[in-house]
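Trainee: This is the structure I want to talk about, given as structure tokens.
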Amino acid sequence: MKRLSNILLLFFLTVPVLAQPYLDPGRSVSERVDDLLSRMTLEEKIGQMTQVNFTLYNSTGRQDKVDLIPEKFIPLVRDHKIGSFLNGVAATPEVWERYSRQLQELNLKHSRLKIPLIYGMDHVHGTNYVTGGTIFPQPLNLAATFNDKWGREMGRVTAREAADLGHHWIFAPILDLAVNPYWPRVYETFGEEPLLAQRMGSAFIEAVETEPTIAPYKLAATAKHYLGYSGSDSGWDRTPAQIPQQYLYEFFVPAFRSAVDAGVDTVMINSAEINGTPTHANPRLLDQLLRKELGFEGVAVTDWEDILYLVSRHRVAHNEKEATRMAIEAGVDMSMTALTTTFPAVLKELVEEGAISEERIDKSVRRILSLKFRLGLFENPFPRADRFDRVGSSEHREMARMAAEESLVLLKNEDQLLPLQREIKLAVVGPNAFTKRDVSGGWTLNHQGGREEDYPARVKTVAHALKVEFPNLVKAEEADVVVAVVGEHPYAEGSGNIQDLTLPEEQLEVLKSAFSYGKPVVIVHMSGRPRLLGGFDEMADGFLWAGLPGFEGAPAIAGVLSGRINPSGRLPLSYPSAPGHFLPYHHKPQEKSTAAYPFGHGLSYTSFAASALEISENTASVTITNTGKVPGRHSVLWFLQDEVGRITRPVKRLRDYQSIRLDPGQSERLEYTITSRDLGYPDREGKLVLEEGWHTLSVEGQKIRIFQRDGRVIRTDKGEAL
Ligand code: BGC
């Protein structure tokens with residue numbers, strides 16, 4: 001009897017698989033996609049191209065609760081056949097697991113072909129929507145470490161904490177460039193230099209997409225926001241950019257090219273416009289450049305409601321239908337309709353009328369299904385609850401702590417005031433010293449940052465962390481040194497638009513009063529972008545750029561002030577001196593930077609010296625020595641300058657970097673291999689132009705002139721033939 005039932009069970013298990021090859025994991029992804037696609041109706045296909053926000057079916061309708069009301073959710077999958085969902089707010093792993101399980105169960109129950117849903121999350125600096133999750137410094141801080149390890153570790157930790165919760169698709173990394181300090185998303189970027197976005201971004205992508213310990217799951221990363229989003233003229237979010245083709249190839253394309261080369265599964269499209277064409281309606285950028293030139297084969301998703309914005313914001317379409325046609329023709333695969341469900345019906349009409357072909361639909365659906373198969377969602381659609389000890393584990397937090405420590409940039413240290421003796425009497429003033437929210441910024445617990453009371457007890461404010469390091473906290477009148485902690489309060493996207501780079505009056509008042517006691521003042525600046533301090537930084541004895549260092553950030557700040565940590569961050573962008581004039585460090589020769597603190601600036605409690613710069617063929621090498629008295633970490637930056645170009649060339653470009661740690665007296669020999677791409681520049685079609693001639697290579701104060709022909713260094717200015 002038992003045998004018979006076993007045989008029957010086997011029969012019922014295998015027959016559907018044999019009958020439906022797409023359910024057979026033994027087959028290749030393309031076979032499975034072909035089979036599944038051939039069984040799908042047009043509605044089912046278009047549903048796969050649709051992504052909506054969780055607030056359409058949670059109990060409050062607002063971004064404040066992770067739960068679902070079946071009566072609201074079921075019609076989305078049963079009637080609209082929607083295949084993807086997104087977003088959340090901080091919730092415990094238990095809540096996420098229960099929610100994701102219920103979501104997938106209901107989806108599979110109502111999906112005729114049992115196609116699992118894919119869920120997207122903005123975990124942009126650790127698992128920022130998981131209560132108890134590890135919160136890394138924001139990407140701008142990571143960039144200040146010039147240490148790719150932290151891009152990789154943030155990816156690895158995010159994957160390990162998110163995969164089990166049903167968060168399949170991570171909407172990071174952000175590969176936009178911080179070329180305009182007004183832009184409210186500066187802190188989400190890896191700074192103004194493409195090389196940092198290329199390397200940190202790719203390290204993050206590879207870690208998220210290949211982390212072995214999350215088996216049986218796999219995750220997708222997102223290169224966003226393609227393309228030129230941050231080049232906005234006004235500096236406000238989602239506003240027009242004018243970007244010449246050549247400049248686009250030289251500065252904005254490389255990070256996306258590297259992401260595609262690193263195998264990124266998905267790309268999210270820029271909500272704004274370049275040269276008058278909204279990116280979502282730009283076949284030149286989406287179809288030609290992204291697909292054909294960069295070779296991207298994954299899923300291109302819109303950003304929030306962006307097809308509708310072609311009507312309401314950009315006014316390039318009269319209605320949703322026209323906008324939908326434009327976006328699909330341009331190359332969009334999935335529409336993050338977010339808050340509406342009209343897209344599937346509108347797209348279906350377009351196909352039925354013959355305005356869009358079913359082959360075109362198949363192209364996108366094929367990409368989406370391939371992703372779902374690659375991630376193993378058909379085999380492992382459900383979350384699991386047996387590895388929650390990973391979330392916020394001490395090992396993960398240790399990574400976030402080390403990243404935070406390396407990310408702080410000491411901009412000024414008059415007469416070596418810092419580090420401060422632990423016994424001194426210290427006063428702490430300034431609004432940012434007393435909150436947890438301000439240390440991590442937006443995209444933390446909630447889109448605009450959480451409520452103060454929602455931050456975990458273990459997270460410290462700067463005042464709290466200073467008290468641990470300096471027991472003698474006193475009033476400013478009695479203090480030996482005053483620490484003023486100022487900066488921005490959390491914001492994300494458009495709510496961070498500003499008209500003046502200078503901090504608001506109330507913050508300047510705090511600084512003014514800090515100086516009124518006649519004591520040395522150390523300013524700690526926590527912000528998402530380089531705000532100006534009304535000249536008070538010039539008066540300060542110490543000035544620490546803390547950026548947004550995340551949950552482990554406050555003890556790191558206190559540790560730098562006490563000398564427990566030797567600062568090693570270097571600025572990943574130019575810090576302007578005036579609200580009306582700013583240029584990235586890679587400006588043109590006829591321009592003059594007025595930066596208060598240049599790209600790459602950052603002080604240490606020890607000193608480093610470079611020596612013996614040599615070139616052999618295309619490999620340069622240099623010796624770096626810790627010439628000071630304490631151990632320290634140092635980022636070594638290699639720049640190249642093209643001396644004469646047929647089009648004007650930047651004054652210099654960062655071409656390589658390494659982060660090393662040296663004990664006093666210790667040396668290390670480092671190498672940089674100069675590629676032909678480093679010696680040329682792209683033309684307006686993206687083709688590499690190599691002009692025979694001189695370049696100056698500089699590293700940590702050492703310089704050498706090199707002559708290049710066809711991408712090869714053939715001699716130096718010492719007359720040496722190589
Ligand atoms: C942002 C994206 C984000 C998306 C989903 C948009 O407003 O621009 O970066 O991934 O929302 O939350």
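Going by the structure tokens order, chains are called A, B, ..., each with residues numbered from 1, while ligands are numbered from 1 in the order shown.
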Could you list, as a VMD selection string, all protein and nucleic acid residues with an atom at most 6 Å from ligand 1, counting only C-alpha atoms and all ligand atoms?

Mentor: chain A and resid 87 122 171 303 to 304

Trainee: May I have the residues within 9 Å of A:Phe543 as a CSV table (one decimal) with all heavy atoms, in the first residue's frame, using only C-alpha atoms and disregarding those fewer than 2 positions away in the same chain?

Mentor:
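Saved to out_10.csv:
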```csv
chain,number,residue,atom,x,y,z
A,409,VAL,N,36.5,62.1,7.0
A,409,VAL,CA,37.5,62.9,6.4
A,409,VAL,C,37.9,64.1,7.3
A,409,VAL,O,37.1,65.0,7.5
A,409,VAL,CB,37.1,63.4,5.0
A,409,VAL,CG1,38.3,64.0,4.3
A,409,VAL,CG2,36.5,62.2,4.2
A,410,LEU,N,39.1,64.1,7.8
A,410,LEU,CA,39.6,65.2,8.6
A,410,LEU,C,40.1,66.3,7.6
A,410,LEU,O,41.1,66.1,6.9
A,410,LEU,CB,40.7,64.7,9.5
A,410,LEU,CG,41.2,65.8,10.5
A,410,LEU,CD1,40.1,66.3,11.4
A,410,LEU,CD2,42.4,65.2,11.3
A,411,LEU,N,39.4,67.4,7.6
A,411,LEU,CA,39.7,68.4,6.6
A,411,LEU,C,40.6,69.5,7.1
A,411,LEU,O,41.4,70.1,6.4
A,411,LEU,CB,38.4,69.1,6.1
A,411,LEU,CG,37.4,68.2,5.4
A,411,LEU,CD1,36.1,69.0,5.0
A,411,LEU,CD2,38.0,67.7,4.1
A,412,LYS,N,40.6,69.6,8.5
A,412,LYS,CA,41.4,70.7,9.0
A,412,LYS,C,41.9,70.3,10.4
A,412,LYS,O,41.1,69.7,11.2
A,412,LYS,CB,40.5,71.9,9.1
A,412,LYS,CG,41.3,73.2,9.3
A,412,LYS,CD,40.3,74.4,9.2
A,412,LYS,CE,41.2,75.6,9.6
A,412,LYS,NZ,40.3,76.7,9.8
A,413,ASN,N,43.1,70.6,10.8
A,413,ASN,CA,43.6,70.3,12.1
A,413,ASN,C,44.7,71.2,12.5
A,413,ASN,O,45.9,71.0,12.4
A,413,ASN,CB,44.2,68.8,12.1
A,413,ASN,CG,44.5,68.3,13.5
A,413,ASN,OD1,44.1,69.0,14.5
A,413,ASN,ND2,45.1,67.2,13.7
A,521,VAL,N,37.6,75.4,18.8
A,521,VAL,CA,36.3,74.7,18.3
A,521,VAL,C,36.7,73.7,17.3
A,521,VAL,O,37.4,74.0,16.3
A,521,VAL,CB,35.3,75.8,17.8
A,521,VAL,CG1,34.1,75.1,17.1
A,521,VAL,CG2,34.9,76.8,18.8
A,522,VAL,N,36.1,72.5,17.5
A,522,VAL,CA,36.2,71.5,16.4
A,522,VAL,C,34.8,71.3,15.8
A,522,VAL,O,33.8,71.1,16.6
A,522,VAL,CB,36.6,70.1,17.1
A,522,VAL,CG1,36.6,69.0,16.0
A,522,VAL,CG2,38.0,70.3,17.7
A,523,ILE,N,34.7,71.5,14.5
A,523,ILE,CA,33.4,71.3,13.9
A,523,ILE,C,33.3,69.9,13.3
A,523,ILE,O,34.2,69.4,12.6
A,523,ILE,CB,33.2,72.3,12.7
A,523,ILE,CG1,33.2,73.8,13.3
A,523,ILE,CG2,31.9,72.1,12.0
A,523,ILE,CD1,33.1,74.8,12.2
A,524,VAL,N,32.2,69.2,13.6
A,524,VAL,CA,31.9,67.9,13.0
A,524,VAL,C,30.7,68.2,12.1
A,524,VAL,O,29.6,68.7,12.6
A,524,VAL,CB,31.5,66.9,14.0
A,524,VAL,CG1,31.1,65.6,13.4
A,524,VAL,CG2,32.7,66.6,15.0
A,525,HIS,N,30.9,67.9,10.8
A,525,HIS,CA,29.8,68.2,9.9
A,525,HIS,C,29.2,66.9,9.3
A,525,HIS,O,29.8,66.1,8.7
A,525,HIS,CB,30.4,69.0,8.7
A,525,HIS,CG,29.3,69.5,7.7
A,525,HIS,ND1,29.6,70.1,6.6
A,525,HIS,CD2,28.0,69.4,7.8
A,525,HIS,CE1,28.5,70.4,5.9
A,525,HIS,NE2,27.5,70.0,6.6
A,537,ASP,N,34.1,77.4,9.3
A,537,ASP,CA,35.1,76.4,9.2
A,537,ASP,C,36.5,77.0,9.1
A,537,ASP,O,37.5,76.4,9.5
A,537,ASP,CB,34.8,75.4,8.1
A,537,ASP,CG,34.7,76.1,6.7
A,537,ASP,OD1,33.9,77.1,6.7
A,537,ASP,OD2,35.4,75.7,5.8
A,538,GLU,N,36.6,78.2,8.6
A,538,GLU,CA,37.9,78.9,8.5
A,538,GLU,C,38.4,79.3,9.9
A,538,GLU,O,39.6,79.3,10.1
A,538,GLU,CB,37.8,80.1,7.6
A,538,GLU,CG,37.7,79.8,6.1
A,538,GLU,CD,37.2,81.0,5.3
A,538,GLU,OE1,37.6,82.1,5.6
A,538,GLU,OE2,36.4,80.7,4.3
A,540,ALA,N,37.6,77.6,12.6
A,540,ALA,CA,37.7,76.4,13.4
A,540,ALA,C,39.1,75.8,13.5
A,540,ALA,O,39.9,76.0,12.6
A,540,ALA,CB,36.8,75.3,12.9
A,541,ASP,N,39.4,75.2,14.6
A,541,ASP,CA,40.7,74.6,14.8
A,541,ASP,C,40.7,73.2,14.2
A,541,ASP,O,41.8,72.7,13.7
A,541,ASP,CB,41.1,74.5,16.3
A,541,ASP,CG,41.2,75.9,16.8
A,541,ASP,OD1,42.3,76.5,16.7
A,541,ASP,OD2,40.2,76.4,17.4
A,545,TRP,N,34.7,66.2,8.3
A,545,TRP,CA,33.6,65.9,7.4
A,545,TRP,C,33.2,64.5,7.7
A,545,TRP,O,33.9,63.5,7.4
A,545,TRP,CB,34.0,66.0,5.9
A,545,TRP,CG,33.0,65.4,5.0
A,545,TRP,CD1,33.2,64.2,4.3
A,545,TRP,CD2,31.7,65.9,4.7
A,545,TRP,NE1,32.0,64.0,3.5
A,545,TRP,CE2,31.1,65.0,3.8
A,545,TRP,CE3,30.9,67.0,5.1
A,545,TRP,CZ2,29.8,65.1,3.2
A,545,TRP,CZ3,29.7,67.2,4.5
A,545,TRP,CH2,29.1,66.2,3.6
```

Trainee: With only C-alpha atoms counted and 12 Å as the cut-off, give the residues of stretch 373-489 of chain A in contact with stretch 31-50 of chain A, each with its shortest interatomic distance in Å and the pair that gives it, as a Markdown table.

Mentor:
```
| residue | atom | partner | partner_atom | distance |
| --- | --- | --- | --- | --- |
| A:Phe373 | CA | A:Arg32 | CA | 8.0 |
| A:Arg374 | CA | A:Val33 | CA | 10.6 |
| A:Gly376 | CA | A:Arg32 | CA | 12.0 |
| A:Phe378 | CA | A:Arg32 | CA | 10.7 |
```

Trainee: Residues as selected, N, CA and C atoms, written as a JSON list (two decimals), in the first residue's frame, can you do that?

Mentor:
```
[["chain", "number", "residue", "atom", "x", "y", "z"],
["A", 373, "PHE", "N", 13.94, 33.04, -13.60],
["A", 373, "PHE", "CA", 14.55, 31.70, -13.62],
["A", 373, "PHE", "C", 15.97, 31.74, -13.06],
["A", 374, "ARG", "N", 16.73, 32.76, -13.48],
["A", 374, "ARG", "CA", 18.12, 32.83, -13.00],
["A", 374, "ARG", "C", 18.17, 32.91, -11.47],
["A", 376, "GLY", "N", 16.22, 31.59, -9.52],
["A", 376, "GLY", "CA", 15.73, 30.34, -8.90],
["A", 376, "GLY", "C", 14.39, 30.52, -8.22],
["A", 378, "PHE", "N", 11.39, 30.01, -9.27],
["A", 378, "PHE", "CA", 10.42, 28.93, -9.50],
["A", 378, "PHE", "C", 10.67, 27.77, -8.53]]
```

Trainee: Excluding A:Leu603 and residues on its chain fewer than 2 positions from it, collect all residues at most 12 Å away from it, counting only C-alpha atoms, and give them as a PyMOL selection string.

Mentor: chain A and resi 408-414+416+418-419+542-545+560+566-571+597+600-601+605-608+632-635

Trainee: Could you please take those selected residues and save N, CA and C atoms as a CSV table (one decimal), in the first residue's frame?

Mentor:
```csv
chain,number,residue,atom,x,y,z
A,408,LEU,N,35.5,58.7,7.4
A,408,LEU,CA,35.5,60.1,8.0
A,408,LEU,C,36.7,60.8,7.4
A,409,VAL,N,36.5,62.1,7.0
A,409,VAL,CA,37.5,62.9,6.4
A,409,VAL,C,37.9,64.1,7.3
A,410,LEU,N,39.1,64.1,7.8
A,410,LEU,CA,39.6,65.2,8.6
A,410,LEU,C,40.1,66.3,7.6
A,411,LEU,N,39.4,67.4,7.6
A,411,LEU,CA,39.7,68.4,6.6
A,411,LEU,C,40.6,69.5,7.1
A,412,LYS,N,40.6,69.6,8.5
A,412,LYS,CA,41.4,70.7,9.0
A,412,LYS,C,41.9,70.3,10.4
A,413,ASN,N,43.1,70.6,10.8
A,413,ASN,CA,43.6,70.3,12.1
A,413,ASN,C,44.7,71.2,12.5
A,414,GLU,N,44.3,72.5,12.8
A,414,GLU,CA,45.2,73.6,13.1
A,414,GLU,C,46.1,73.2,14.3
A,416,GLN,N,47.7,70.9,15.1
A,416,GLN,CA,47.6,69.5,15.6
A,416,GLN,C,46.7,69.5,16.9
A,418,LEU,N,43.9,68.1,17.2
A,418,LEU,CA,43.5,66.7,17.3
A,418,LEU,C,44.6,65.8,17.2
A,419,PRO,N,44.6,64.6,17.8
A,419,PRO,CA,43.5,64.1,18.6
A,419,PRO,C,43.5,64.8,20.0
A,542,GLY,N,39.6,72.5,14.3
A,542,GLY,CA,39.5,71.2,13.7
A,542,GLY,C,38.2,71.1,12.9
A,543,PHE,N,38.2,70.4,11.8
A,543,PHE,CA,37.0,70.3,10.9
A,543,PHE,C,36.9,68.9,10.4
A,544,LEU,N,35.9,68.2,10.8
A,544,LEU,CA,35.8,66.8,10.4
A,544,LEU,C,34.5,66.7,9.5
A,545,TRP,N,34.7,66.2,8.3
A,545,TRP,CA,33.6,65.9,7.4
A,545,TRP,C,33.2,64.5,7.7
A,560,VAL,N,37.7,59.2,16.3
A,560,VAL,CA,38.7,60.1,15.5
A,560,VAL,C,39.1,61.3,16.4
A,566,ASN,N,42.7,56.6,13.7
A,566,ASN,CA,43.5,57.5,12.9
A,566,ASN,C,42.7,57.8,11.6
A,567,PRO,N,42.3,59.0,11.3
A,567,PRO,CA,41.4,59.2,10.1
A,567,PRO,C,42.2,58.9,8.8
A,568,SER,N,41.4,58.4,7.9
A,568,SER,CA,42.1,58.0,6.6
A,568,SER,C,41.2,58.3,5.4
A,569,GLY,N,40.0,58.9,5.6
A,569,GLY,CA,39.1,59.2,4.5
A,569,GLY,C,39.7,60.3,3.7
A,570,ARG,N,39.4,60.3,2.4
A,570,ARG,CA,39.7,61.4,1.5
A,570,ARG,C,38.5,61.8,0.7
A,571,LEU,N,38.3,63.1,0.4
A,571,LEU,CA,37.1,63.6,-0.2
A,571,LEU,C,36.9,63.0,-1.6
A,597,TYR,N,38.1,72.7,-0.1
A,597,TYR,CA,38.9,71.5,0.1
A,597,TYR,C,38.8,70.6,-1.2
A,600,GLY,N,40.1,64.5,-2.9
A,600,GLY,CA,41.2,63.7,-2.5
A,600,GLY,C,41.8,64.3,-1.2
A,601,HIS,N,41.3,65.5,-0.7
A,601,HIS,CA,41.9,66.0,0.5
A,601,HIS,C,41.5,65.2,1.7
A,605,TYR,N,46.7,61.5,11.3
A,605,TYR,CA,47.6,61.8,12.5
A,605,TYR,C,49.0,61.3,12.3
A,606,THR,N,49.2,60.6,11.1
A,606,THR,CA,50.6,60.3,10.8
A,606,THR,C,50.9,61.0,9.4
A,607,SER,N,52.1,60.7,8.8
A,607,SER,CA,52.4,61.3,7.5
A,607,SER,C,52.9,60.2,6.6
A,608,PHE,N,52.6,60.4,5.3
A,608,PHE,CA,53.0,59.4,4.3
A,608,PHE,C,53.9,60.1,3.3
A,632,GLY,N,48.7,53.9,10.3
A,632,GLY,CA,47.6,54.6,9.6
A,632,GLY,C,47.3,53.9,8.3
A,633,ARG,N,46.1,54.3,7.8
A,633,ARG,CA,45.7,53.8,6.5
A,633,ARG,C,45.8,54.9,5.6
A,634,HIS,N,46.2,54.6,4.3
A,634,HIS,CA,46.3,55.7,3.3
A,634,HIS,C,45.8,55.3,2.0
A,635,SER,N,45.0,56.1,1.4
A,635,SER,CA,44.6,55.8,0.0
A,635,SER,C,45.5,56.5,-1.0
```

Trainee: Of the residues A:Arg529, A:Ile82, A:Glu406, A:Arg185, which is the one nearest to A:Ser335, using only C-alpha atoms?

Mentor: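 Looking only at the distances to A:Ser335, the closest residue turns out to be A:Ile82.
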
Trainee: List the spatial neighbours of A:Val267 as a list in words - criterion: any atom at most 8 Å away, only C-alpha atoms, same-chain residues fewer than 6 positions off excluded.

Mentor: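 Near neighbours after the sequence-gap exclusion: Thr222, Ala223, Lys224, His225, Tyr226, Gly298, Val299, Ala300 and Val301 of chain A.
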
Trainee: Using DSSP on the backbone coordinates, identify all residues within stretch 505-716 of chain A classified as helix (DSSP H, G or I); present the result as JSON, numbers by chain.

Mentor: {"A": [505, 506, 507, 508, 509, 510, 511, 512, 513, 514, 515, 536, 537, 538, 539, 553, 554, 555, 556, 557, 558, 559, 560, 561, 562, 677, 678, 679]}

Trainee: Name the residues in contact with stretch 249-266 of chain A at a cut-off of 6 Å, using only C-alpha atoms, excluding same-chain residues fewer than 2 positions from it; report them as number ranges by chain.

Mentor: A: 197-198, 202, 220, 222, 228, 246-247, 294, 296, 298-300, 682, 686

Trainee: Can you check which residues of stretch 441-541 of chain A DSSP gives as strand (DSSP E or B) on the backbone and send them as number ranges by chain?

Mentor: A: 444, 446, 473, 481-487, 502, 521-526, 532

Trainee: I'd like the contact shell of A:Asn128 - 7 Å cut-off, only C-alpha atoms, skipping same-chain residues fewer than 5 positions apart - returned as a JSON list (two decimals) with N, CA, C and O atoms, in the first residue's frame.

Mentor:
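File produced: selection_8.json:
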```json
[["chain", "number", "residue", "atom", "x", "y", "z"],
["A", 123, "HIS", "N", 17.36, 48.71, -0.61],
["A", 123, "HIS", "CA", 18.39, 48.55, 0.42],
["A", 123, "HIS", "C", 19.66, 49.22, -0.11],
["A", 123, "HIS", "O", 20.48, 48.56, -0.75],
["A", 133, "GLY", "N", 18.56, 45.45, 11.17],
["A", 133, "GLY", "CA", 19.49, 45.20, 10.07],
["A", 133, "GLY", "C", 20.77, 46.02, 10.21],
["A", 133, "GLY", "O", 20.84, 46.97, 11.00],
["A", 135, "ILE", "N", 23.31, 48.73, 9.12],
["A", 135, "ILE", "CA", 23.24, 49.98, 8.35],
["A", 135, "ILE", "C", 24.65, 50.50, 8.10],
["A", 135, "ILE", "O", 25.34, 50.95, 9.03],
["A", 443, "TRP", "N", 16.60, 57.31, 3.49],
["A", 443, "TRP", "CA", 16.67, 55.89, 3.14],
["A", 443, "TRP", "C", 17.14, 55.06, 4.33],
["A", 443, "TRP", "O", 17.95, 54.14, 4.19],
["A", 444, "THR", "N", 16.72, 55.44, 5.53],
["A", 444, "THR", "CA", 17.06, 54.68, 6.72],
["A", 444, "THR", "C", 15.78, 54.47, 7.51],
["A", 444, "THR", "O", 15.17, 55.46, 7.94],
["A", 445, "LEU", "N", 15.34, 53.26, 7.65],
["A", 445, "LEU", "CA", 14.10, 52.87, 8.30],
["A", 445, "LEU", "C", 12.86, 53.32, 7.52],
["A", 445, "LEU", "O", 11.86, 52.64, 7.49]]
```

Trainee: Between atom CA of A:Thr675 and atom CA of A:Arg655, what distance in Å does the model show, to one decimal?

Mentor: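 Going from atom CA of A:Thr675 over to atom CA of A:Arg655 covers 9.1 Å.
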